[in-house]
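Contents: one structure, followed by commentary.
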Amino acid sequence: MILMNNVRRLKQSVTCPSKLVTACFRPMRIATVTLALGMAVPGHAETLRVGIYENAPKIFRDAEGEPSGFWPELTLAILQDLGHQVVWVDCQWAECLELLELGEIDLMPDVAHSEERDARFKLVDHPALYAWSSILVGDSVSVNTIEDLNGLRIAVVEDSIQGEVLLNRLRTDLDQARMIEVGSMDETVQRLSSGEADAAIVNSFFARQPRRREDIRVAPIPFDVSTLHFALSPQSADLLLKALNLAIYEQQTTPGSAFRNAERRWITQQAPALPEWFHTAVAAVIVVLLLSFGMIVALRRTVKLRTARLEDSVTSLKAEIAQRKNAEAKVMEAQRIEALGRLVGGVAHDFNNMLAVIMGNLDMLRDEIRNARAFRLLEDAIRASERGASLTKQLLSFGRRASLKPEVLDISATMPDVHRIVSRVLPESIQVENDQAEGTLKTCVDPAQFESALLNLALNARDAMPNGGRLTIETTARRLDSDSIEVLEADLEPGRYVVVSVSDTGHGMPPEVREKAVEPFFTTKEVGAGSGMGLAMVHGFMKQSNGGLRILTEPGAGTTVELYFKQTDIQSSAPSAQEAAPQTTASGRILMVEDDEYVRNTLLMQLENMGYQVTAVENGQAALERLTSGLEFDLLLTDVVMPGPLQGPGLADRVRERFPDLPVILMSGYAELEDAGGSGPRRDYLLLPKPVRAKDLREVLASKLAAKG
């Protein structure tokens, strides 16, 4: 209380001109730090034991054995200003943290923040550095995504933040990888060089240092982002922690401070500031140069050349920084979309299983009911189930995991149908206009998802025009070169494109809303008025279709959303007219594998109603036992994801090896076989997505059994 009163009186007693506010308040901050220190330590200089380990360029001992790097410079500057003596204690990283926790050292620099460390130590609130972790690999190892680490031996420093993050990933999506803990950053490189490790995860500052071997390189993706702090032992005084907080703040907000000098020297790797004596030397040189005009001309030429080089360096550095930020943003966006896609994929799997039970039972009831009114009610329920399956597919599109069925589509011929659909969902106060280019505009796209995308854009436009307005759907053909693509800020290749534009006369969007418009769940509407998924679904659909999306908008001037599709000259194949085959009673012995009890029972009844003899089991191992017991089957129908070590694709591989003539059909609630655990050679198996209509299942089974002969 006395400390705060003294600081308050100090501020009130100082009157500053408006242009000198910063200069006046800097002594106040210094005084605040000094007063806090006076309460945190005794009147004489206290000696603090500070840990040091090898992690160049942040902290290390130089060739003379002296502490060097960013952290030692900053530590000495702060503690000496606060009246402390420093004793450096050498230790390995894990040992340093253990000594700090036991109170055998008082202060440890370079500690990354985590919940576990927040509980073990007293971390200074203000971070001194922001850093990310880099992945080092050899030429024989390719790591372009985090999933590529699965199955590798990965070296990390023991008790490091890299090890802590990697351990969490080992428990989830990197369950096949193995972590190798070592004592130092240098040892991670040694393990990588000797072949004892396939990859090493280190901090980015260490990764930027010259490698000892040319075949060690930095993978093009970051691993984790963290903040680096000073950490005090749990036994240290709270006032010392507050004093360090104030000192860090003072260092970071003062130009020319020890923090800025150390950051420039060790972190940003910029050229050091000119020494003070340089100005005197320049003055002396100028006096000498005045004796000769020729020497002055030479000096001017030299200055001009050096200035040009400096400007080139600054321009190059700015371009590199912008490129790096753009790359990091793309990586973070890709990882975020991937995580959302995995989440939606799992939800879709369970949802599709439930729809399979509902739709299967409705199909069987449809064959039993003869009452006209009940039949109409049943048809409505079936259509609702099909709509639920379609909705699941649309949700998968924003995670870019929908299973698309592209075909050659004439956009111009499709527009009249789109106009009718859009006109039905919009109120009469909104006028719908079409502006179509002449001739055919063909592209390869999923027709259903294309219409769904335009409908989503129309509904967004409706919400932007609550009092009515005009909606215009325009189709054009454009040729894009490299310069045009750069202006569009789209990830497209040069060539011919079909552009479909949806424009409204609504209120438009400010820049900050425009930047987030395609993010999932982002919405400016009131609660209950929108989910924020419309543009996200359209954006995901365009990315999955190898197209692009561009939003042109200004507040009060309406919004135009342009969809770019690659134009094609491929001719669409007209569907051949075929008469519907009569539903005859089927025959054959089917081994059906499904772990979900309700789905299994529903499929069992459907197949038996079709006339098949069915043996139903709940996992892959049980199915393999049936096959090897001597029982004969004409077809294997199996789920993909099941409990136990033997999944659907693995079972299919085993069956193909031992019974090559037995047809195999996979069923899954996932959108793609890769999401369901399959890859590589398994992709040639027939995959039926759940839910599947009885008539479609009947046709597929009949086709497979007929092909078998």
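Chain labels run A, B, ... following the order of the structure tokens; each chain numbers its residues from 1, and ligands are numbered from 1 in the order shown.
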
Could you give me the residues within region 611-657 of chain A that DSSP places in strand (DSSP E), as a short mmCIF file (atom, residue, chain, number, x, y, z; two decimals) with N, CA and C atoms, in the first residue's frame?
```cif
data_model
loop_
_atom_site.label_atom_id
_atom_site.label_comp_id
_atom_site.auth_asym_id
_atom_site.auth_seq_id
_atom_site.Cartn_x
_atom_site.Cartn_y
_atom_site.Cartn_z
N GLN A 613 -29.29 -65.91 -48.43
CA GLN A 613 -28.97 -66.59 -47.18
C GLN A 613 -27.82 -65.82 -46.52
N VAL A 614 -28.05 -65.32 -45.32
CA VAL A 614 -27.12 -64.37 -44.71
C VAL A 614 -26.57 -64.93 -43.41
N THR A 615 -25.25 -64.83 -43.25
CA THR A 615 -24.59 -65.10 -41.98
C THR A 615 -24.02 -63.77 -41.49
N ALA A 616 -24.49 -63.29 -40.32
CA ALA A 616 -24.10 -61.97 -39.81
C ALA A 616 -23.17 -62.14 -38.62
N VAL A 617 -22.02 -61.44 -38.65
CA VAL A 617 -21.07 -61.41 -37.53
C VAL A 617 -20.75 -59.96 -37.22
N LEU A 635 -20.38 -64.02 -51.41
CA LEU A 635 -20.01 -62.60 -51.38
C LEU A 635 -19.75 -62.19 -49.93
N LEU A 636 -18.79 -61.26 -49.75
CA LEU A 636 -18.50 -60.68 -48.43
C LEU A 636 -18.94 -59.22 -48.44
N LEU A 637 -19.84 -58.85 -47.51
CA LEU A 637 -20.30 -57.48 -47.34
C LEU A 637 -19.86 -57.03 -45.95
N THR A 638 -18.92 -56.07 -45.86
CA THR A 638 -18.32 -55.73 -44.57
C THR A 638 -18.28 -54.24 -44.33
N ASP A 639 -18.49 -53.86 -43.06
CA ASP A 639 -18.29 -52.48 -42.62
C ASP A 639 -16.79 -52.18 -42.65
#
```

Find the residues near Ser160 (chain A): any atom within 12 Å, counting only C-alpha atoms, skip ones fewer than 6 places away on the same chain, and give them as a list in words.
Asn55, Gln92, Trp93, Ala94, Glu95, Cys96, Leu97, Asp110, Val111, Ala112, His113, Ser114, Glu116, Arg117, Ser133, Leu166, Leu167, Glu181, Val182, Gly183, Ser184, Met185, Ile201, Val202, Asn203, Ser226 and Leu228 of chain A

Quick check, in Å to one decimal: how far apart do CA of His229 (chain A) and CA of Glu46 (chain A) lie?
21.7 Å

Please provide as a count of residues only all residues within 10 Å of Thr628 (chain A), with the sequence filter that same-chain residues fewer than 5 positions apart are discarded (counting only C-alpha atoms).
4

List every residue of region 338-496 of chain A that DSSP, applied to the backbone, labels as alpha helix (DSSP H), and write the result as a compact mmCIF listing (two decimals) with N, CA and C atoms, in the first residue's frame.
```txt
# COMPACT_ATOMS: atom_id res chain seq x y z
N GLU A 338 -8.32 -29.15 -41.57
CA GLU A 338 -8.16 -30.59 -41.43
C GLU A 338 -8.77 -31.08 -40.12
N ALA A 339 -8.54 -30.31 -39.03
CA ALA A 339 -9.11 -30.71 -37.74
C ALA A 339 -10.63 -30.67 -37.78
N LEU A 340 -11.19 -29.61 -38.39
CA LEU A 340 -12.64 -29.52 -38.51
C LEU A 340 -13.18 -30.64 -39.39
N GLY A 341 -12.44 -30.95 -40.45
CA GLY A 341 -12.88 -32.03 -41.33
C GLY A 341 -12.92 -33.37 -40.63
N ARG A 342 -11.90 -33.63 -39.79
CA ARG A 342 -11.89 -34.88 -39.04
C ARG A 342 -13.06 -34.93 -38.06
N LEU A 343 -13.34 -33.79 -37.42
CA LEU A 343 -14.46 -33.75 -36.49
C LEU A 343 -15.77 -34.04 -37.21
N VAL A 344 -15.99 -33.34 -38.33
CA VAL A 344 -17.24 -33.53 -39.07
C VAL A 344 -17.31 -34.94 -39.65
N GLY A 345 -16.15 -35.49 -40.09
CA GLY A 345 -16.14 -36.84 -40.62
C GLY A 345 -16.60 -37.86 -39.61
N GLY A 346 -16.14 -37.70 -38.35
CA GLY A 346 -16.56 -38.63 -37.30
C GLY A 346 -18.04 -38.51 -37.00
N VAL A 347 -18.53 -37.25 -36.93
CA VAL A 347 -19.96 -37.05 -36.68
C VAL A 347 -20.78 -37.62 -37.82
N ALA A 348 -20.32 -37.41 -39.06
CA ALA A 348 -21.06 -37.92 -40.22
C ALA A 348 -21.13 -39.44 -40.20
N HIS A 349 -20.07 -40.10 -39.76
CA HIS A 349 -20.07 -41.57 -39.69
C HIS A 349 -21.18 -42.07 -38.78
N ASP A 350 -21.28 -41.50 -37.56
CA ASP A 350 -22.32 -41.95 -36.63
C ASP A 350 -23.71 -41.57 -37.14
N PHE A 351 -23.82 -40.36 -37.71
CA PHE A 351 -25.11 -39.90 -38.21
C PHE A 351 -25.57 -40.78 -39.38
N ASN A 352 -24.66 -41.14 -40.27
CA ASN A 352 -25.02 -41.99 -41.40
C ASN A 352 -25.42 -43.39 -40.95
N ASN A 353 -24.80 -43.91 -39.89
CA ASN A 353 -25.21 -45.21 -39.35
C ASN A 353 -26.66 -45.16 -38.87
N MET A 354 -27.01 -44.06 -38.16
CA MET A 354 -28.39 -43.92 -37.70
C MET A 354 -29.36 -43.81 -38.88
N LEU A 355 -28.96 -43.04 -39.91
CA LEU A 355 -29.81 -42.91 -41.09
C LEU A 355 -29.94 -44.24 -41.82
N ALA A 356 -28.90 -45.07 -41.79
CA ALA A 356 -28.97 -46.38 -42.44
C ALA A 356 -30.04 -47.25 -41.80
N VAL A 357 -30.13 -47.19 -40.45
CA VAL A 357 -31.16 -47.97 -39.76
C VAL A 357 -32.55 -47.43 -40.11
N ILE A 358 -32.69 -46.10 -40.05
CA ILE A 358 -34.00 -45.49 -40.32
C ILE A 358 -34.43 -45.77 -41.76
N MET A 359 -33.55 -45.51 -42.72
CA MET A 359 -33.91 -45.66 -44.12
C MET A 359 -34.14 -47.12 -44.48
N GLY A 360 -33.34 -48.04 -43.91
CA GLY A 360 -33.52 -49.46 -44.20
C GLY A 360 -34.86 -49.97 -43.72
N ASN A 361 -35.24 -49.59 -42.49
CA ASN A 361 -36.53 -50.04 -41.97
C ASN A 361 -37.69 -49.41 -42.73
N LEU A 362 -37.52 -48.13 -43.14
CA LEU A 362 -38.58 -47.49 -43.93
C LEU A 362 -38.75 -48.19 -45.27
N ASP A 363 -37.65 -48.59 -45.91
CA ASP A 363 -37.74 -49.30 -47.19
C ASP A 363 -38.48 -50.62 -47.03
N MET A 364 -38.21 -51.34 -45.91
CA MET A 364 -38.91 -52.61 -45.69
C MET A 364 -40.38 -52.39 -45.40
N LEU A 365 -40.70 -51.34 -44.63
CA LEU A 365 -42.11 -51.02 -44.37
C LEU A 365 -42.83 -50.64 -45.67
N ARG A 366 -42.10 -49.98 -46.56
CA ARG A 366 -42.70 -49.54 -47.83
C ARG A 366 -43.20 -50.74 -48.64
N ASP A 367 -42.48 -51.86 -48.56
CA ASP A 367 -42.91 -53.05 -49.29
C ASP A 367 -44.08 -53.76 -48.62
N GLU A 368 -44.34 -53.44 -47.34
CA GLU A 368 -45.39 -54.14 -46.59
C GLU A 368 -46.71 -53.37 -46.57
N ALA A 372 -53.07 -46.37 -48.60
CA ALA A 372 -52.57 -45.24 -49.40
C ALA A 372 -52.09 -44.10 -48.52
N ARG A 373 -52.86 -43.77 -47.46
CA ARG A 373 -52.46 -42.65 -46.60
C ARG A 373 -51.16 -42.98 -45.86
N ALA A 374 -51.08 -44.20 -45.33
CA ALA A 374 -49.86 -44.60 -44.63
C ALA A 374 -48.67 -44.62 -45.60
N PHE A 375 -48.93 -45.01 -46.86
CA PHE A 375 -47.86 -45.06 -47.85
C PHE A 375 -47.30 -43.66 -48.12
N ARG A 376 -48.22 -42.65 -48.19
CA ARG A 376 -47.75 -41.27 -48.41
C ARG A 376 -46.92 -40.78 -47.23
N LEU A 377 -47.37 -41.10 -46.02
CA LEU A 377 -46.60 -40.71 -44.83
C LEU A 377 -45.22 -41.36 -44.85
N LEU A 378 -45.18 -42.61 -45.27
CA LEU A 378 -43.91 -43.33 -45.32
C LEU A 378 -42.98 -42.72 -46.37
N GLU A 379 -43.54 -42.33 -47.52
CA GLU A 379 -42.73 -41.70 -48.56
C GLU A 379 -42.13 -40.39 -48.06
N ASP A 380 -42.92 -39.60 -47.29
CA ASP A 380 -42.39 -38.36 -46.71
C ASP A 380 -41.23 -38.66 -45.77
N ALA A 381 -41.36 -39.70 -44.97
CA ALA A 381 -40.28 -40.07 -44.04
C ALA A 381 -39.02 -40.49 -44.80
N ILE A 382 -39.20 -41.24 -45.90
CA ILE A 382 -38.05 -41.66 -46.71
C ILE A 382 -37.36 -40.44 -47.32
N ARG A 383 -38.16 -39.49 -47.84
CA ARG A 383 -37.57 -38.29 -48.44
C ARG A 383 -36.82 -37.47 -47.38
N ALA A 384 -37.37 -37.42 -46.16
CA ALA A 384 -36.68 -36.70 -45.08
C ALA A 384 -35.35 -37.37 -44.75
N SER A 385 -35.32 -38.71 -44.76
CA SER A 385 -34.07 -39.44 -44.50
C SER A 385 -33.05 -39.15 -45.60
N GLU A 386 -33.52 -39.14 -46.85
CA GLU A 386 -32.60 -38.83 -47.95
C GLU A 386 -32.08 -37.40 -47.84
N ARG A 387 -32.94 -36.50 -47.38
CA ARG A 387 -32.48 -35.12 -47.19
C ARG A 387 -31.45 -35.04 -46.07
N GLY A 388 -31.64 -35.84 -45.03
CA GLY A 388 -30.64 -35.89 -43.96
C GLY A 388 -29.30 -36.37 -44.48
N ALA A 389 -29.31 -37.39 -45.35
CA ALA A 389 -28.06 -37.87 -45.95
C ALA A 389 -27.42 -36.80 -46.81
N SER A 390 -28.25 -36.05 -47.55
CA SER A 390 -27.72 -34.97 -48.37
C SER A 390 -27.13 -33.86 -47.51
N LEU A 391 -27.79 -33.56 -46.38
CA LEU A 391 -27.27 -32.53 -45.46
C LEU A 391 -25.91 -32.95 -44.90
N THR A 392 -25.77 -34.23 -44.57
CA THR A 392 -24.48 -34.72 -44.08
C THR A 392 -23.39 -34.50 -45.12
N LYS A 393 -23.72 -34.76 -46.37
CA LYS A 393 -22.74 -34.56 -47.45
C LYS A 393 -22.37 -33.09 -47.58
N GLN A 394 -23.35 -32.19 -47.41
CA GLN A 394 -23.06 -30.76 -47.49
C GLN A 394 -22.18 -30.31 -46.33
N LEU A 395 -22.42 -30.85 -45.14
CA LEU A 395 -21.58 -30.50 -43.99
C LEU A 395 -20.14 -30.93 -44.22
N LEU A 396 -19.97 -32.07 -44.88
CA LEU A 396 -18.61 -32.55 -45.16
C LEU A 396 -17.89 -31.64 -46.15
N SER A 397 -18.64 -30.88 -46.96
CA SER A 397 -18.00 -30.08 -47.99
C SER A 397 -17.15 -28.97 -47.41
N PHE A 398 -17.56 -28.37 -46.26
CA PHE A 398 -16.74 -27.28 -45.72
C PHE A 398 -15.45 -27.81 -45.13
N ILE A 411 -22.93 -25.19 -67.92
CA ILE A 411 -23.44 -24.23 -66.94
C ILE A 411 -24.60 -23.43 -67.52
N SER A 412 -24.49 -23.03 -68.80
CA SER A 412 -25.55 -22.23 -69.42
C SER A 412 -26.86 -22.99 -69.44
N ALA A 413 -26.81 -24.30 -69.72
CA ALA A 413 -28.04 -25.09 -69.77
C ALA A 413 -28.62 -25.33 -68.39
N THR A 414 -27.80 -25.24 -67.37
CA THR A 414 -28.27 -25.49 -66.00
C THR A 414 -28.94 -24.27 -65.39
N MET A 415 -28.61 -23.08 -65.88
CA MET A 415 -29.08 -21.85 -65.25
C MET A 415 -30.60 -21.71 -65.17
N PRO A 416 -31.38 -22.12 -66.19
CA PRO A 416 -32.85 -22.00 -66.05
C PRO A 416 -33.38 -22.77 -64.85
N ASP A 417 -32.87 -23.99 -64.61
CA ASP A 417 -33.30 -24.76 -63.44
C ASP A 417 -32.89 -24.05 -62.15
N VAL A 418 -31.67 -23.50 -62.13
CA VAL A 418 -31.21 -22.78 -60.94
C VAL A 418 -32.09 -21.56 -60.69
N HIS A 419 -32.48 -20.87 -61.77
CA HIS A 419 -33.33 -19.69 -61.63
C HIS A 419 -34.67 -20.06 -61.00
N ARG A 420 -35.25 -21.19 -61.42
CA ARG A 420 -36.53 -21.61 -60.85
C ARG A 420 -36.38 -21.95 -59.36
N ILE A 421 -35.30 -22.66 -59.01
CA ILE A 421 -35.10 -23.04 -57.60
C ILE A 421 -34.90 -21.80 -56.74
N VAL A 422 -34.06 -20.87 -57.20
CA VAL A 422 -33.77 -19.66 -56.42
C VAL A 422 -35.02 -18.81 -56.28
N SER A 423 -35.80 -18.69 -57.35
CA SER A 423 -37.01 -17.86 -57.30
C SER A 423 -38.00 -18.39 -56.28
N ARG A 424 -38.06 -19.71 -56.10
CA ARG A 424 -39.01 -20.28 -55.15
C ARG A 424 -38.63 -19.99 -53.70
N VAL A 425 -37.33 -19.90 -53.40
CA VAL A 425 -36.91 -19.71 -52.00
C VAL A 425 -36.78 -18.25 -51.61
N PRO A 447 -22.96 -31.81 -60.12
CA PRO A 447 -24.15 -30.96 -60.37
C PRO A 447 -24.94 -30.65 -59.10
N ALA A 448 -25.14 -31.66 -58.24
CA ALA A 448 -25.95 -31.43 -57.04
C ALA A 448 -25.27 -30.44 -56.11
N GLN A 449 -23.95 -30.58 -55.93
CA GLN A 449 -23.23 -29.65 -55.06
C GLN A 449 -23.15 -28.25 -55.68
N PHE A 450 -23.10 -28.18 -57.02
CA PHE A 450 -23.09 -26.89 -57.70
C PHE A 450 -24.39 -26.13 -57.43
N GLU A 451 -25.53 -26.81 -57.60
CA GLU A 451 -26.81 -26.17 -57.33
C GLU A 451 -26.93 -25.79 -55.85
N SER A 452 -26.44 -26.65 -54.97
CA SER A 452 -26.48 -26.36 -53.53
C SER A 452 -25.66 -25.12 -53.20
N ALA A 453 -24.50 -24.96 -53.87
CA ALA A 453 -23.65 -23.79 -53.62
C ALA A 453 -24.36 -22.51 -54.04
N LEU A 454 -24.99 -22.52 -55.22
CA LEU A 454 -25.71 -21.32 -55.67
C LEU A 454 -26.90 -21.02 -54.77
N LEU A 455 -27.57 -22.06 -54.28
CA LEU A 455 -28.69 -21.85 -53.37
C LEU A 455 -28.21 -21.23 -52.06
N ASN A 456 -27.08 -21.66 -51.55
CA ASN A 456 -26.52 -21.07 -50.33
C ASN A 456 -26.20 -19.59 -50.53
N LEU A 457 -25.61 -19.25 -51.69
CA LEU A 457 -25.30 -17.85 -51.99
C LEU A 457 -26.58 -17.03 -52.10
N ALA A 458 -27.62 -17.60 -52.70
CA ALA A 458 -28.89 -16.88 -52.82
C ALA A 458 -29.51 -16.63 -51.45
N LEU A 459 -29.45 -17.60 -50.55
CA LEU A 459 -30.01 -17.42 -49.21
C LEU A 459 -29.22 -16.38 -48.43
N ASN A 460 -27.90 -16.33 -48.59
CA ASN A 460 -27.10 -15.28 -47.95
C ASN A 460 -27.50 -13.91 -48.48
N ALA A 461 -27.71 -13.83 -49.81
CA ALA A 461 -28.12 -12.56 -50.41
C ALA A 461 -29.50 -12.13 -49.89
N ARG A 462 -30.39 -13.10 -49.71
CA ARG A 462 -31.73 -12.78 -49.16
C ARG A 462 -31.61 -12.13 -47.79
N ASP A 463 -30.74 -12.69 -46.92
CA ASP A 463 -30.57 -12.14 -45.57
C ASP A 463 -29.94 -10.76 -45.60
N ALA A 464 -29.17 -10.45 -46.66
CA ALA A 464 -28.54 -9.13 -46.78
C ALA A 464 -29.51 -8.09 -47.32
N SER A 482 -1.15 -15.26 -65.23
CA SER A 482 -0.53 -15.21 -63.90
C SER A 482 -0.83 -13.90 -63.20
N ASP A 483 -0.81 -12.79 -63.94
CA ASP A 483 -1.09 -11.49 -63.32
C ASP A 483 -2.53 -11.42 -62.81
N SER A 484 -3.47 -11.93 -63.60
CA SER A 484 -4.88 -11.91 -63.18
C SER A 484 -5.09 -12.74 -61.92
N ILE A 485 -4.44 -13.90 -61.85
CA ILE A 485 -4.59 -14.76 -60.67
C ILE A 485 -4.01 -14.09 -59.44
N GLU A 486 -2.90 -13.36 -59.61
CA GLU A 486 -2.30 -12.65 -58.47
C GLU A 486 -3.23 -11.57 -57.96
N VAL A 487 -3.91 -10.86 -58.87
CA VAL A 487 -4.88 -9.83 -58.46
C VAL A 487 -6.06 -10.47 -57.74
N LEU A 488 -6.50 -11.63 -58.23
CA LEU A 488 -7.64 -12.33 -57.61
C LEU A 488 -7.29 -12.91 -56.25
```

What's around region 500-503 of chain A at 7 Å? Count only C-alpha atoms, leave out sequence neighbours fewer than 4 positions away in its own chain, and write the answer as a list in words.
Leu457, Leu471, Thr472, Ile473, Glu474, Thr475, Thr476, Thr559, Thr560, Val561, Glu562, Leu563 and Tyr564 of chain A

May I have the selected residues written with N, CA and C atoms, as an mmCIF file, in the first residue's frame?
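Output file result26.cif is given in full below:
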```cif
data_model
loop_
_atom_site.group_PDB
_atom_site.id
_atom_site.type_symbol
_atom_site.label_atom_id
_atom_site.label_comp_id
_atom_site.auth_asym_id
_atom_site.auth_seq_id
_atom_site.Cartn_x
_atom_site.Cartn_y
_atom_site.Cartn_z
ATOM 1 N N LEU A 457 -25.614 -19.254 -51.695
ATOM 2 C CA LEU A 457 -25.301 -17.853 -51.987
ATOM 3 C C LEU A 457 -26.578 -17.027 -52.100
ATOM 4 N N LEU A 471 -31.333 -9.568 -57.107
ATOM 5 C CA LEU A 471 -30.308 -10.619 -57.125
ATOM 6 C C LEU A 471 -30.006 -10.954 -58.581
ATOM 7 N N THR A 472 -28.727 -10.882 -58.956
ATOM 8 C CA THR A 472 -28.322 -11.139 -60.336
ATOM 9 C C THR A 472 -27.365 -12.323 -60.378
ATOM 10 N N ILE A 473 -27.702 -13.312 -61.223
ATOM 11 C CA ILE A 473 -26.824 -14.466 -61.442
ATOM 12 C C ILE A 473 -26.261 -14.346 -62.851
ATOM 13 N N GLU A 474 -24.941 -14.238 -62.953
ATOM 14 C CA GLU A 474 -24.284 -13.990 -64.237
ATOM 15 C C GLU A 474 -23.268 -15.093 -64.517
ATOM 16 N N THR A 475 -23.206 -15.541 -65.762
ATOM 17 C CA THR A 475 -22.188 -16.509 -66.173
ATOM 18 C C THR A 475 -21.365 -15.914 -67.303
ATOM 19 N N THR A 476 -20.048 -16.029 -67.209
ATOM 20 C CA THR A 476 -19.139 -15.519 -68.231
ATOM 21 C C THR A 476 -17.983 -16.495 -68.400
ATOM 22 N N THR A 559 -22.893 -6.947 -52.473
ATOM 23 C CA THR A 559 -21.858 -7.990 -52.471
ATOM 24 C C THR A 559 -21.964 -8.824 -53.739
ATOM 25 N N THR A 560 -20.813 -9.171 -54.297
ATOM 26 C CA THR A 560 -20.732 -10.089 -55.433
ATOM 27 C C THR A 560 -19.797 -11.230 -55.066
ATOM 28 N N VAL A 561 -20.286 -12.452 -55.204
ATOM 29 C CA VAL A 561 -19.463 -13.645 -54.972
ATOM 30 C C VAL A 561 -19.228 -14.312 -56.321
ATOM 31 N N GLU A 562 -17.951 -14.450 -56.701
ATOM 32 C CA GLU A 562 -17.582 -15.060 -57.978
ATOM 33 C C GLU A 562 -17.039 -16.470 -57.741
ATOM 34 N N LEU A 563 -17.571 -17.433 -58.493
ATOM 35 C CA LEU A 563 -17.107 -18.820 -58.439
ATOM 36 C C LEU A 563 -16.368 -19.137 -59.737
ATOM 37 N N TYR A 564 -15.118 -19.588 -59.629
ATOM 38 C CA TYR A 564 -14.277 -19.868 -60.793
ATOM 39 C C TYR A 564 -14.146 -21.382 -60.992
#
```

What's the 10 Å shell around region 254-260 of chain A, counting only C-alpha atoms, without same-chain residues fewer than 5 positions away, as a PyMOL selection string?
chain A and resi 22+26+70-71+73-78+128+248-249+265+267+273

Name the residues in contact with Ala652 (chain A) at a cut-off of 10 Å, using only C-alpha atoms, excluding same-chain residues fewer than 6 positions from it; report them as JSON, numbers by chain.
{"A": [620, 624, 636, 637, 638, 640, 646, 659, 662, 663, 664, 665, 666, 682, 685]}

Please produce an output containing N, CA and C atoms for each residue in the selection, written as a short mmCIF file (atom, residue, chain, number, x, y, z; two decimals), in the first residue's frame.
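After the write, part.cif holds the following:
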```
data_model
loop_
_atom_site.label_atom_id
_atom_site.label_comp_id
_atom_site.auth_asym_id
_atom_site.auth_seq_id
_atom_site.Cartn_x
_atom_site.Cartn_y
_atom_site.Cartn_z
N GLY A 620 -14.25 -58.36 -37.69
CA GLY A 620 -13.47 -58.97 -38.74
C GLY A 620 -12.91 -60.33 -38.37
N LEU A 624 -13.41 -63.88 -40.39
CA LEU A 624 -12.31 -64.70 -40.89
C LEU A 624 -12.44 -66.14 -40.40
N LEU A 636 -18.79 -61.26 -49.75
CA LEU A 636 -18.50 -60.68 -48.43
C LEU A 636 -18.94 -59.22 -48.44
N LEU A 637 -19.84 -58.85 -47.51
CA LEU A 637 -20.30 -57.48 -47.34
C LEU A 637 -19.86 -57.03 -45.95
N THR A 638 -18.92 -56.07 -45.86
CA THR A 638 -18.32 -55.73 -44.57
C THR A 638 -18.28 -54.24 -44.33
N VAL A 640 -16.42 -50.89 -42.65
CA VAL A 640 -15.01 -50.51 -42.71
C VAL A 640 -14.42 -50.36 -41.32
N LEU A 646 -8.65 -56.07 -36.61
CA LEU A 646 -8.91 -56.36 -38.02
C LEU A 646 -10.06 -55.49 -38.52
N PHE A 659 -8.97 -66.08 -50.69
CA PHE A 659 -10.14 -66.44 -51.51
C PHE A 659 -10.25 -65.41 -52.65
N LEU A 662 -13.71 -64.55 -54.31
CA LEU A 662 -14.85 -64.11 -53.50
C LEU A 662 -15.02 -62.60 -53.64
N PRO A 663 -16.16 -62.12 -54.18
CA PRO A 663 -16.38 -60.67 -54.30
C PRO A 663 -16.47 -60.01 -52.91
N VAL A 664 -15.95 -58.77 -52.83
CA VAL A 664 -15.95 -58.03 -51.57
C VAL A 664 -16.57 -56.66 -51.80
N ILE A 665 -17.50 -56.28 -50.92
CA ILE A 665 -18.10 -54.94 -50.94
C ILE A 665 -17.90 -54.32 -49.56
N LEU A 666 -17.34 -53.10 -49.53
CA LEU A 666 -17.16 -52.36 -48.28
C LEU A 666 -18.31 -51.38 -48.10
N ARG A 682 -6.09 -50.62 -51.45
CA ARG A 682 -7.46 -50.91 -51.05
C ARG A 682 -8.48 -50.06 -51.79
N TYR A 685 -11.46 -51.48 -54.05
CA TYR A 685 -12.65 -52.16 -53.55
C TYR A 685 -13.87 -51.28 -53.78
#
```
